[in-house]
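Shown here: model-v5.pdb, PDB, C-alpha atoms and all ligand atoms.
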```pdb
ATOM      1  CA  MET A   1    -102.793 -62.094 -23.621  1.00  0.00           C
ATOM      2  CA  ALA A   2    -101.555 -60.290 -26.721  1.00  0.00           C
ATOM      3  CA  LYS A   3    -102.997 -56.887 -27.188  1.00  0.00           C
ATOM      4  CA  ALA A   4    -105.417 -56.444 -30.070  1.00  0.00           C
ATOM      5  CA  LYS A   5    -103.946 -54.807 -33.164  1.00  0.00           C
ATOM      6  CA  PRO A   6    -104.024 -51.036 -32.954  1.00  0.00           C
ATOM      7  CA  GLN A   7    -107.225 -49.661 -34.407  1.00  0.00           C
ATOM      8  CA  PRO A   8    -107.570 -46.104 -35.697  1.00  0.00           C
ATOM      9  CA  GLY A   9    -109.482 -45.364 -32.500  1.00  0.00           C
ATOM     10  CA  ASP A  10    -106.708 -46.328 -30.165  1.00  0.00           C
ATOM     11  CA  HIS A  11    -105.092 -42.888 -30.286  1.00  0.00           C
ATOM     12  CA  ILE A  12    -108.110 -40.984 -29.041  1.00  0.00           C
ATOM     13  CA  PRO A  13    -107.584 -41.678 -25.303  1.00  0.00           C
ATOM     14  CA  GLU A  14    -103.978 -40.399 -25.520  1.00  0.00           C
ATOM     15  CA  LEU A  15    -105.108 -37.327 -27.403  1.00  0.00           C
ATOM     16  CA  VAL A  16    -107.794 -36.609 -24.828  1.00  0.00           C
ATOM     17  CA  GLU A  17    -105.259 -36.991 -22.056  1.00  0.00           C
ATOM     18  CA  SER A  18    -103.015 -34.408 -23.762  1.00  0.00           C
ATOM     19  CA  LEU A  19    -106.019 -32.176 -24.240  1.00  0.00           C
ATOM     20  CA  LEU A  20    -106.821 -32.359 -20.521  1.00  0.00           C
ATOM     21  CA  VAL A  21    -103.257 -31.277 -19.726  1.00  0.00           C
ATOM     22  CA  GLU A  22    -103.498 -28.410 -22.227  1.00  0.00           C
ATOM     23  CA  LEU A  23    -106.691 -27.277 -20.546  1.00  0.00           C
ATOM     24  CA  GLY A  24    -104.872 -27.068 -17.207  1.00  0.00           C
ATOM     25  CA  GLU A  25    -106.224 -30.287 -15.743  1.00  0.00           C
ATOM     26  CA  ASP A  26    -104.525 -33.160 -14.017  1.00  0.00           C
ATOM     27  CA  PRO A  27    -105.562 -36.302 -15.937  1.00  0.00           C
ATOM     28  CA  SER A  28    -104.468 -38.513 -13.050  1.00  0.00           C
ATOM     29  CA  ARG A  29    -106.925 -37.109 -10.531  1.00  0.00           C
ATOM     30  CA  GLN A  30    -109.649 -39.528  -9.573  1.00  0.00           C
ATOM     31  CA  GLY A  31    -112.569 -37.982 -11.433  1.00  0.00           C
ATOM     32  CA  LEU A  32    -110.658 -37.844 -14.718  1.00  0.00           C
ATOM     33  CA  LYS A  33    -109.058 -41.285 -14.635  1.00  0.00           C
ATOM     34  CA  GLY A  34    -111.597 -42.896 -16.935  1.00  0.00           C
ATOM     35  CA  THR A  35    -112.313 -39.771 -18.950  1.00  0.00           C
ATOM     36  CA  PRO A  36    -110.000 -40.369 -21.932  1.00  0.00           C
ATOM     37  CA  ASP A  37    -111.557 -43.797 -22.523  1.00  0.00           C
ATOM     38  CA  ARG A  38    -115.082 -42.516 -22.001  1.00  0.00           C
ATOM     39  CA  VAL A  39    -114.577 -39.576 -24.370  1.00  0.00           C
ATOM     40  CA  SER A  40    -113.087 -41.933 -26.930  1.00  0.00           C
ATOM     41  CA  ARG A  41    -116.069 -44.287 -26.761  1.00  0.00           C
ATOM     42  CA  ALA A  42    -118.527 -41.388 -26.895  1.00  0.00           C
ATOM     43  CA  LEU A  43    -116.818 -39.846 -29.937  1.00  0.00           C
ATOM     44  CA  ARG A  44    -116.753 -43.198 -31.701  1.00  0.00           C
ATOM     45  CA  GLU A  45    -120.459 -43.635 -31.083  1.00  0.00           C
ATOM     46  CA  LEU A  46    -121.320 -40.076 -32.162  1.00  0.00           C
ATOM     47  CA  THR A  47    -119.414 -40.530 -35.418  1.00  0.00           C
ATOM     48  CA  ASP A  48    -120.371 -44.113 -36.208  1.00  0.00           C
ATOM     49  CA  GLY A  49    -122.206 -42.858 -39.308  1.00  0.00           C
ATOM     50  CA  TYR A  50    -118.846 -42.937 -41.129  1.00  0.00           C
ATOM     51  CA  GLY A  51    -118.985 -46.717 -41.008  1.00  0.00           C
ATOM     52  CA  MET A  52    -122.553 -46.966 -42.278  1.00  0.00           C
ATOM     53  CA  SER A  53    -124.168 -46.599 -45.645  1.00  0.00           C
ATOM     54  CA  VAL A  54    -127.761 -45.903 -46.555  1.00  0.00           C
ATOM     55  CA  SER A  55    -127.980 -49.057 -48.658  1.00  0.00           C
ATOM     56  CA  GLN A  56    -126.955 -51.138 -45.613  1.00  0.00           C
ATOM     57  CA  VAL A  57    -129.467 -49.421 -43.389  1.00  0.00           C
ATOM     58  CA  ILE A  58    -132.466 -49.789 -45.703  1.00  0.00           C
ATOM     59  CA  SER A  59    -131.560 -53.116 -47.288  1.00  0.00           C
ATOM     60  CA  GLY A  60    -134.496 -55.479 -47.270  1.00  0.00           C
ATOM     61  CA  ALA A  61    -136.959 -52.710 -46.412  1.00  0.00           C
ATOM     62  CA  VAL A  62    -137.687 -51.227 -49.837  1.00  0.00           C
ATOM     63  CA  PHE A  63    -140.949 -52.562 -51.248  1.00  0.00           C
ATOM     64  CA  ASP A  64    -142.765 -52.240 -54.556  1.00  0.00           C
ATOM     65  CA  GLN A  65    -146.041 -50.591 -53.701  1.00  0.00           C
ATOM     66  CA  ASP A  66    -148.630 -48.696 -55.725  1.00  0.00           C
ATOM     67  CA  TYR A  67    -149.122 -45.899 -53.263  1.00  0.00           C
ATOM     68  CA  ASP A  68    -148.960 -42.396 -54.639  1.00  0.00           C
ATOM     69  CA  GLU A  69    -149.878 -40.171 -51.706  1.00  0.00           C
ATOM     70  CA  MET A  70    -147.313 -38.298 -49.687  1.00  0.00           C
ATOM     71  CA  VAL A  71    -145.478 -40.246 -47.001  1.00  0.00           C
ATOM     72  CA  LEU A  72    -144.320 -38.096 -44.098  1.00  0.00           C
ATOM     73  CA  VAL A  73    -142.270 -38.913 -41.026  1.00  0.00           C
ATOM     74  CA  LYS A  74    -142.248 -35.989 -38.613  1.00  0.00           C
ATOM     75  CA  ASP A  75    -140.281 -35.025 -35.537  1.00  0.00           C
ATOM     76  CA  ILE A  76    -137.398 -37.421 -35.956  1.00  0.00           C
ATOM     77  CA  PRO A  77    -135.002 -36.448 -33.158  1.00  0.00           C
ATOM     78  CA  PHE A  78    -131.334 -36.268 -34.111  1.00  0.00           C
ATOM     79  CA  TYR A  79    -128.036 -35.344 -32.491  1.00  0.00           C
ATOM     80  CA  SER A  80    -125.006 -34.327 -34.498  1.00  0.00           C
ATOM     81  CA  LEU A  81    -121.674 -32.544 -34.088  1.00  0.00           C
ATOM     82  CA  CYS A  82    -120.881 -29.384 -36.024  1.00  0.00           C
ATOM     83  CA  GLU A  83    -117.744 -29.746 -38.068  1.00  0.00           C
ATOM     84  CA  HIS A  84    -116.474 -26.290 -37.146  1.00  0.00           C
ATOM     85  CA  HIS A  85    -116.382 -26.713 -33.366  1.00  0.00           C
ATOM     86  CA  MET A  86    -117.190 -30.394 -32.786  1.00  0.00           C
ATOM     87  CA  LEU A  87    -119.971 -29.217 -30.499  1.00  0.00           C
ATOM     88  CA  PRO A  88    -123.490 -30.653 -30.609  1.00  0.00           C
ATOM     89  CA  PHE A  89    -126.293 -29.440 -32.761  1.00  0.00           C
ATOM     90  CA  PHE A  90    -129.574 -31.236 -32.333  1.00  0.00           C
ATOM     91  CA  GLY A  91    -133.245 -30.989 -33.020  1.00  0.00           C
ATOM     92  CA  SER A  92    -135.785 -32.615 -35.231  1.00  0.00           C
ATOM     93  CA  CYS A  93    -136.019 -33.621 -38.804  1.00  0.00           C
ATOM     94  CA  HIS A  94    -139.128 -33.976 -40.993  1.00  0.00           C
ATOM     95  CA  VAL A  95    -138.963 -36.144 -44.063  1.00  0.00           C
ATOM     96  CA  GLY A  96    -141.572 -36.499 -46.784  1.00  0.00           C
ATOM     97  CA  TYR A  97    -141.637 -38.166 -50.160  1.00  0.00           C
ATOM     98  CA  LEU A  98    -144.058 -38.906 -52.968  1.00  0.00           C
ATOM     99  CA  PRO A  99    -143.579 -42.548 -53.949  1.00  0.00           C
ATOM    100  CA  LYS A 100    -143.324 -43.719 -57.527  1.00  0.00           C
ATOM    101  CA  GLY A 101    -143.889 -47.446 -57.110  1.00  0.00           C
ATOM    102  CA  ARG A 102    -141.462 -47.923 -54.212  1.00  0.00           C
ATOM    103  CA  VAL A 103    -141.740 -47.290 -50.502  1.00  0.00           C
ATOM    104  CA  VAL A 104    -139.365 -47.852 -47.597  1.00  0.00           C
ATOM    105  CA  GLY A 105    -140.267 -49.188 -44.145  1.00  0.00           C
ATOM    106  CA  LEU A 106    -141.051 -46.165 -41.985  1.00  0.00           C
ATOM    107  CA  SER A 107    -138.696 -47.167 -39.200  1.00  0.00           C
ATOM    108  CA  LYS A 108    -135.818 -46.942 -41.690  1.00  0.00           C
ATOM    109  CA  ILE A 109    -136.159 -43.210 -42.259  1.00  0.00           C
ATOM    110  CA  PRO A 110    -134.895 -42.258 -38.777  1.00  0.00           C
ATOM    111  CA  ARG A 111    -132.002 -44.649 -39.371  1.00  0.00           C
ATOM    112  CA  VAL A 112    -131.132 -42.858 -42.622  1.00  0.00           C
ATOM    113  CA  VAL A 113    -131.117 -39.591 -40.652  1.00  0.00           C
ATOM    114  CA  GLY A 114    -128.757 -41.237 -38.144  1.00  0.00           C
ATOM    115  CA  VAL A 115    -126.292 -42.331 -40.834  1.00  0.00           C
ATOM    116  CA  PHE A 116    -125.670 -38.677 -41.716  1.00  0.00           C
ATOM    117  CA  ALA A 117    -126.201 -37.099 -38.286  1.00  0.00           C
ATOM    118  CA  HIS A 118    -123.538 -39.328 -36.730  1.00  0.00           C
ATOM    119  CA  ARG A 119    -120.719 -37.600 -38.588  1.00  0.00           C
ATOM    120  CA  LEU A 120    -119.141 -34.170 -38.319  1.00  0.00           C
ATOM    121  CA  GLN A 121    -121.708 -32.081 -40.105  1.00  0.00           C
ATOM    122  CA  LEU A 122    -123.129 -28.812 -41.281  1.00  0.00           C
ATOM    123  CA  GLN A 123    -126.886 -28.549 -40.906  1.00  0.00           C
ATOM    124  CA  GLU A 124    -127.257 -27.538 -44.572  1.00  0.00           C
ATOM    125  CA  ARG A 125    -125.312 -30.563 -45.768  1.00  0.00           C
ATOM    126  CA  LEU A 126    -127.092 -32.932 -43.384  1.00  0.00           C
ATOM    127  CA  THR A 127    -130.427 -31.771 -44.801  1.00  0.00           C
ATOM    128  CA  ARG A 128    -129.305 -32.251 -48.393  1.00  0.00           C
ATOM    129  CA  GLU A 129    -127.641 -35.616 -47.793  1.00  0.00           C
ATOM    130  CA  ILE A 130    -130.795 -37.077 -46.247  1.00  0.00           C
ATOM    131  CA  ALA A 131    -132.897 -35.846 -49.184  1.00  0.00           C
ATOM    132  CA  GLU A 132    -130.466 -37.056 -51.831  1.00  0.00           C
ATOM    133  CA  ALA A 133    -130.030 -40.453 -50.187  1.00  0.00           C
ATOM    134  CA  LEU A 134    -133.777 -41.110 -50.201  1.00  0.00           C
ATOM    135  CA  ASN A 135    -134.059 -39.756 -53.712  1.00  0.00           C
ATOM    136  CA  GLY A 136    -131.378 -42.169 -54.870  1.00  0.00           C
ATOM    137  CA  ALA A 137    -132.704 -45.179 -52.994  1.00  0.00           C
ATOM    138  CA  LEU A 138    -136.418 -44.830 -53.786  1.00  0.00           C
ATOM    139  CA  GLU A 139    -136.434 -42.816 -57.024  1.00  0.00           C
ATOM    140  CA  PRO A 140    -139.650 -41.169 -55.890  1.00  0.00           C
ATOM    141  CA  LYS A 141    -141.494 -38.307 -57.582  1.00  0.00           C
ATOM    142  CA  GLY A 142    -140.007 -35.995 -55.005  1.00  0.00           C
ATOM    143  CA  VAL A 143    -138.493 -35.621 -51.545  1.00  0.00           C
ATOM    144  CA  GLY A 144    -138.701 -32.870 -48.949  1.00  0.00           C
ATOM    145  CA  VAL A 145    -136.585 -32.572 -45.823  1.00  0.00           C
ATOM    146  CA  VAL A 146    -136.844 -29.893 -43.128  1.00  0.00           C
ATOM    147  CA  VAL A 147    -134.365 -29.774 -40.243  1.00  0.00           C
ATOM    148  CA  GLU A 148    -134.813 -27.570 -37.166  1.00  0.00           C
ATOM    149  CA  ALA A 149    -131.886 -27.446 -34.791  1.00  0.00           C
ATOM    150  CA  ARG A 150    -130.181 -25.690 -31.911  1.00  0.00           C
ATOM    151  CA  HIS A 151    -126.432 -25.231 -32.164  1.00  0.00           C
ATOM    152  CA  LEU A 152    -124.477 -25.293 -28.931  1.00  0.00           C
ATOM    153  CA  CYS A 153    -121.510 -23.658 -30.675  1.00  0.00           C
ATOM    154  CA  MET A 154    -123.727 -20.588 -31.061  1.00  0.00           C
ATOM    155  CA  GLU A 155    -125.430 -20.822 -27.678  1.00  0.00           C
ATOM    156  CA  MET A 156    -122.475 -21.610 -25.406  1.00  0.00           C
ATOM    157  CA  ARG A 157    -119.854 -19.426 -27.052  1.00  0.00           C
ATOM    158  CA  GLY A 158    -119.437 -16.678 -29.615  1.00  0.00           C
ATOM    159  CA  VAL A 159    -122.667 -14.775 -30.025  1.00  0.00           C
ATOM    160  CA  GLN A 160    -124.283 -16.694 -27.106  1.00  0.00           C
ATOM    161  CA  LYS A 161    -127.765 -16.476 -28.418  1.00  0.00           C
ATOM    162  CA  PRO A 162    -129.653 -19.120 -26.504  1.00  0.00           C
ATOM    163  CA  GLY A 163    -132.703 -20.876 -27.843  1.00  0.00           C
ATOM    164  CA  GLY A 164    -132.333 -19.771 -31.454  1.00  0.00           C
ATOM    165  CA  GLN A 165    -133.364 -22.388 -33.960  1.00  0.00           C
ATOM    166  CA  MET A 166    -131.833 -22.777 -37.350  1.00  0.00           C
ATOM    167  CA  ILE A 167    -134.152 -24.139 -40.015  1.00  0.00           C
ATOM    168  CA  THR A 168    -132.964 -25.658 -43.276  1.00  0.00           C
ATOM    169  CA  SER A 169    -134.816 -27.421 -46.043  1.00  0.00           C
ATOM    170  CA  CYS A 170    -134.107 -29.348 -49.189  1.00  0.00           C
ATOM    171  CA  MET A 171    -136.783 -29.983 -51.829  1.00  0.00           C
ATOM    172  CA  LEU A 172    -136.216 -32.316 -54.761  1.00  0.00           C
ATOM    173  CA  GLY A 173    -138.386 -33.321 -57.714  1.00  0.00           C
ATOM    174  CA  THR A 174    -142.060 -32.408 -57.363  1.00  0.00           C
ATOM    175  CA  PHE A 175    -141.356 -30.880 -53.951  1.00  0.00           C
ATOM    176  CA  ARG A 176    -139.238 -28.329 -55.759  1.00  0.00           C
ATOM    177  CA  LYS A 177    -141.244 -27.962 -58.959  1.00  0.00           C
ATOM    178  CA  ASP A 178    -144.849 -28.126 -57.756  1.00  0.00           C
ATOM    179  CA  PRO A 179    -145.859 -25.397 -55.294  1.00  0.00           C
ATOM    180  CA  ARG A 180    -148.912 -27.416 -54.219  1.00  0.00           C
ATOM    181  CA  THR A 181    -146.829 -30.440 -53.235  1.00  0.00           C
ATOM    182  CA  ARG A 182    -144.407 -28.231 -51.371  1.00  0.00           C
ATOM    183  CA  ALA A 183    -147.255 -26.405 -49.621  1.00  0.00           C
ATOM    184  CA  GLU A 184    -148.905 -29.689 -48.613  1.00  0.00           C
ATOM    185  CA  PHE A 185    -145.621 -30.935 -47.177  1.00  0.00           C
ATOM    186  CA  LEU A 186    -144.884 -27.729 -45.247  1.00  0.00           C
ATOM    187  CA  ASP A 187    -148.453 -27.600 -43.979  1.00  0.00           C
ATOM    188  CA  LEU A 188    -148.220 -31.168 -42.660  1.00  0.00           C
ATOM    189  CA  VAL A 189    -144.856 -30.383 -41.059  1.00  0.00           C
ATOM    190  CA  ARG A 190    -146.258 -27.327 -39.256  1.00  0.00           C
ATOM    191  CA  ARG A 191    -149.452 -29.017 -38.096  1.00  0.00           C
ATOM    192  CA  ASN A 192    -149.426 -30.306 -34.529  1.00  0.00           C
TER     193      ASN A 192
HETATM  194 ZN    ZN B 201    -120.170 -24.857 -34.859  1.00  0.00          ZN
END
```

The structure given in the file should be rewritten as structure tokens.
Ligand SMILES: [Zn+2]
Amino acid sequence: MAKAKPQPGDHIPELVESLLVELGEDPSRQGLKGTPDRVSRALRELTDGYGMSVSQVISGAVFDQDYDEMVLVKDIPFYSLCEHHMLPFFGSCHVGYLPKGRVVGLSKIPRVVGVFAHRLQLQERLTREIAEALNGALEPKGVGVVVEARHLCMEMRGVQKPGGQMITSCMLGTFRKDPRTRAEFLDLVRRN
């Protein structure tokens, strides 16, 4: 059977094999035989956000609704790769917004987080991209996003400071302008 046309991904196994050699390994030993293909599939999965857009992910789930209280989705787990070391950073994300006539199905918010987490990222940019995407899609009165994460590039190497959390936030609209809205959001995020 003819081989499928080369896809961009087809080079990753070869590159991983070279990397194993560079690291002093023998890629032909039994335990490593399937590693280049496995690493390739894992990397493709962990970066599949490049092939997704927010409009795709939330299409059909944005509804006109006269609800003007804060909507909050807390403790959304996420896993991403830092763009400086391609090592994991992971934690949880809290997303709130104040609707202005439009709401989105709650299950879609974690998917929006996934679109941006599954790329090479910086925590600061991830936080902002989630907030701006929801702001663009829902045109709400405001959006707040808080991300808490552990970075393995800091814990496993370099300063080796285990367990430290990095916290970032992005506030747009009323979440930025109105201290009461921001305080309500942060209070709900902190509450157990
Ligand atoms: Zn890093």

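Excluding Pro36 (chain A) itself and same-chain residues fewer than 3 positions from it, the residues having an atom within 12 Å of it are Gly9, Asp10, His11, Ile12, Pro13, Glu14, Leu15, Val16, Glu17, Ser18, Leu19, Leu20, Val21, Pro27, Ser28, Gly31, Leu32, Lys33, Val39, Ser40, Arg41, Ala42 and Leu43 of chain A, counting all atoms listed in the file.
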
(message) Show me which residues are within 9 Å of ligand ZN 201 (chain B) counting all atoms listed in the file, and format the list as JSON, numbers by chain.
(response) {"A": [81, 82, 83, 84, 85, 86, 87, 88, 89, 122, 151, 152, 153, 154]}

Write out as a PDB file with C-alpha atoms, keeping the file's coordinate frame the residues lying within 10 Å of Arg182 (chain A), counting all atoms listed in the file and excluding same-chain residues fewer than 4 positions away.
```pdb
ATOM      1  CA  GLY A  96    -141.572 -36.499 -46.784  1.00  0.00           C
ATOM      2  CA  GLY A 142    -140.007 -35.995 -55.005  1.00  0.00           C
ATOM      3  CA  VAL A 143    -138.493 -35.621 -51.545  1.00  0.00           C
ATOM      4  CA  GLY A 144    -138.701 -32.870 -48.949  1.00  0.00           C
ATOM      5  CA  MET A 171    -136.783 -29.983 -51.829  1.00  0.00           C
ATOM      6  CA  LEU A 172    -136.216 -32.316 -54.761  1.00  0.00           C
ATOM      7  CA  THR A 174    -142.060 -32.408 -57.363  1.00  0.00           C
ATOM      8  CA  PHE A 175    -141.356 -30.880 -53.951  1.00  0.00           C
ATOM      9  CA  ARG A 176    -139.238 -28.329 -55.759  1.00  0.00           C
ATOM     10  CA  LYS A 177    -141.244 -27.962 -58.959  1.00  0.00           C
ATOM     11  CA  ASP A 178    -144.849 -28.126 -57.756  1.00  0.00           C
ATOM     12  CA  LEU A 186    -144.884 -27.729 -45.247  1.00  0.00           C
ATOM     13  CA  ASP A 187    -148.453 -27.600 -43.979  1.00  0.00           C
ATOM     14  CA  LEU A 188    -148.220 -31.168 -42.660  1.00  0.00           C
TER      15      LEU A 188
END
```

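Across the structure, CA of Asp66 (chain A) and CA of Gly105 (chain A) are spaced 14.3 Å apart.
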
(message) Taking (-127.9, -27.2, -47.8) as a centre in this file's frame and 8 Å as the limit, can you find every polymer residue with an atom that close, using only C-alpha atoms, and give them as a VMD selection string?
(response) chain A and resid 123 to 128 168 to 170

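When CA of Gln121 (chain A) is paired with CA of Tyr79 (chain A), their separation reads 10.4 Å.
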
Any chance you could resolve the PyMOL selection byres (((chain A and resi 135-140) around 7) and not hetatm) against this file and give the residues as a short mmCIF file (atom, residue, chain, number, x, y, z; two decimals) with C-alpha atoms, in the coordinates of the input?
```cif
data_model
loop_
_atom_site.label_atom_id
_atom_site.label_comp_id
_atom_site.auth_asym_id
_atom_site.auth_seq_id
_atom_site.Cartn_x
_atom_site.Cartn_y
_atom_site.Cartn_z
CA TYR A 97 -141.64 -38.17 -50.16
CA LEU A 98 -144.06 -38.91 -52.97
CA PRO A 99 -143.58 -42.55 -53.95
CA LYS A 100 -143.32 -43.72 -57.53
CA ARG A 102 -141.46 -47.92 -54.21
CA VAL A 103 -141.74 -47.29 -50.50
CA ALA A 131 -132.90 -35.85 -49.18
CA GLU A 132 -130.47 -37.06 -51.83
CA ALA A 133 -130.03 -40.45 -50.19
CA LEU A 134 -133.78 -41.11 -50.20
CA LYS A 141 -141.49 -38.31 -57.58
CA GLY A 142 -140.01 -35.99 -55.00
CA VAL A 143 -138.49 -35.62 -51.54
#
```

The centre and edge lengths of an axis-aligned box containing all atoms of region 76-88 of chain A present in the file, extended by 3 Å on each side, are to be given in Å to one decimal, as lines of an AutoDock Vina configuration file.
```
center_x = -126.9
center_y = -31.9
center_z = -34.3
size_x = 27.0
size_y = 17.1
size_z = 13.6
```

(request) Considering only C-alpha atoms, state which residue in the set A:Val54, A:Pro179, A:Glu184, A:Ser92 is at the smallest distance from Arg150 (chain A). (result)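 When distances to Arg150 (chain A) are compared using only C-alpha atoms, the smallest one comes from A:Ser92.
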
(message) Using only C-alpha atoms, which protein or nucleic acid residues come within 12 Å of Gln56 (chain A)? Drop anything in the same chain fewer than 5 positions from it, and give the result as a PyMOL selection string.
(response) chain A and resi 49+51+61-62+108+111-112+115+137

Emit the selected residues as a PDB file, keeping the file's coordinate frame, including C-alpha atoms.
```pdb
ATOM      1  CA  GLY A  49    -122.206 -42.858 -39.308  1.00  0.00           C
ATOM      2  CA  GLY A  51    -118.985 -46.717 -41.008  1.00  0.00           C
ATOM      3  CA  ALA A  61    -136.959 -52.710 -46.412  1.00  0.00           C
ATOM      4  CA  VAL A  62    -137.687 -51.227 -49.837  1.00  0.00           C
ATOM      5  CA  LYS A 108    -135.818 -46.942 -41.690  1.00  0.00           C
ATOM      6  CA  ARG A 111    -132.002 -44.649 -39.371  1.00  0.00           C
ATOM      7  CA  VAL A 112    -131.132 -42.858 -42.622  1.00  0.00           C
ATOM      8  CA  VAL A 115    -126.292 -42.331 -40.834  1.00  0.00           C
ATOM      9  CA  ALA A 137    -132.704 -45.179 -52.994  1.00  0.00           C
TER      10      ALA A 137
END
```

(message) Would you compute the distance between CA of Phe185 (chain A) and CA of Phe78 (chain A)? Give it in Å to one decimal.
(response) 20.1 Å

(message) Ranking A:Thr47, A:Ser55, A:Gln65, A:Thr35 by minimum distance to Arg119 (chain A) and counting only C-alpha atoms, which one comes first?
(response)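 Going through A:Thr47, A:Ser55, A:Gln65, A:Thr35 one by one, the smallest distance to Arg119 (chain A) is for A:Thr47.
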
(request) For each of A:Asp75, A:Glu129, A:Asp48, A:Glu155, take the minimum atom-to-atom distance to Arg191 (chain A), counting only C-alpha atoms, then give the residue where this is smallest. (result)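 Selected residue with least distance to Arg191 (chain A): A:Asp75.
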
(message) I need the residue nearest Ser53 (chain A) from this list: A:Val145, A:Leu120, A:Ala183, A:Val113. Use only C-alpha atoms for the distance.
(response) A:Val113
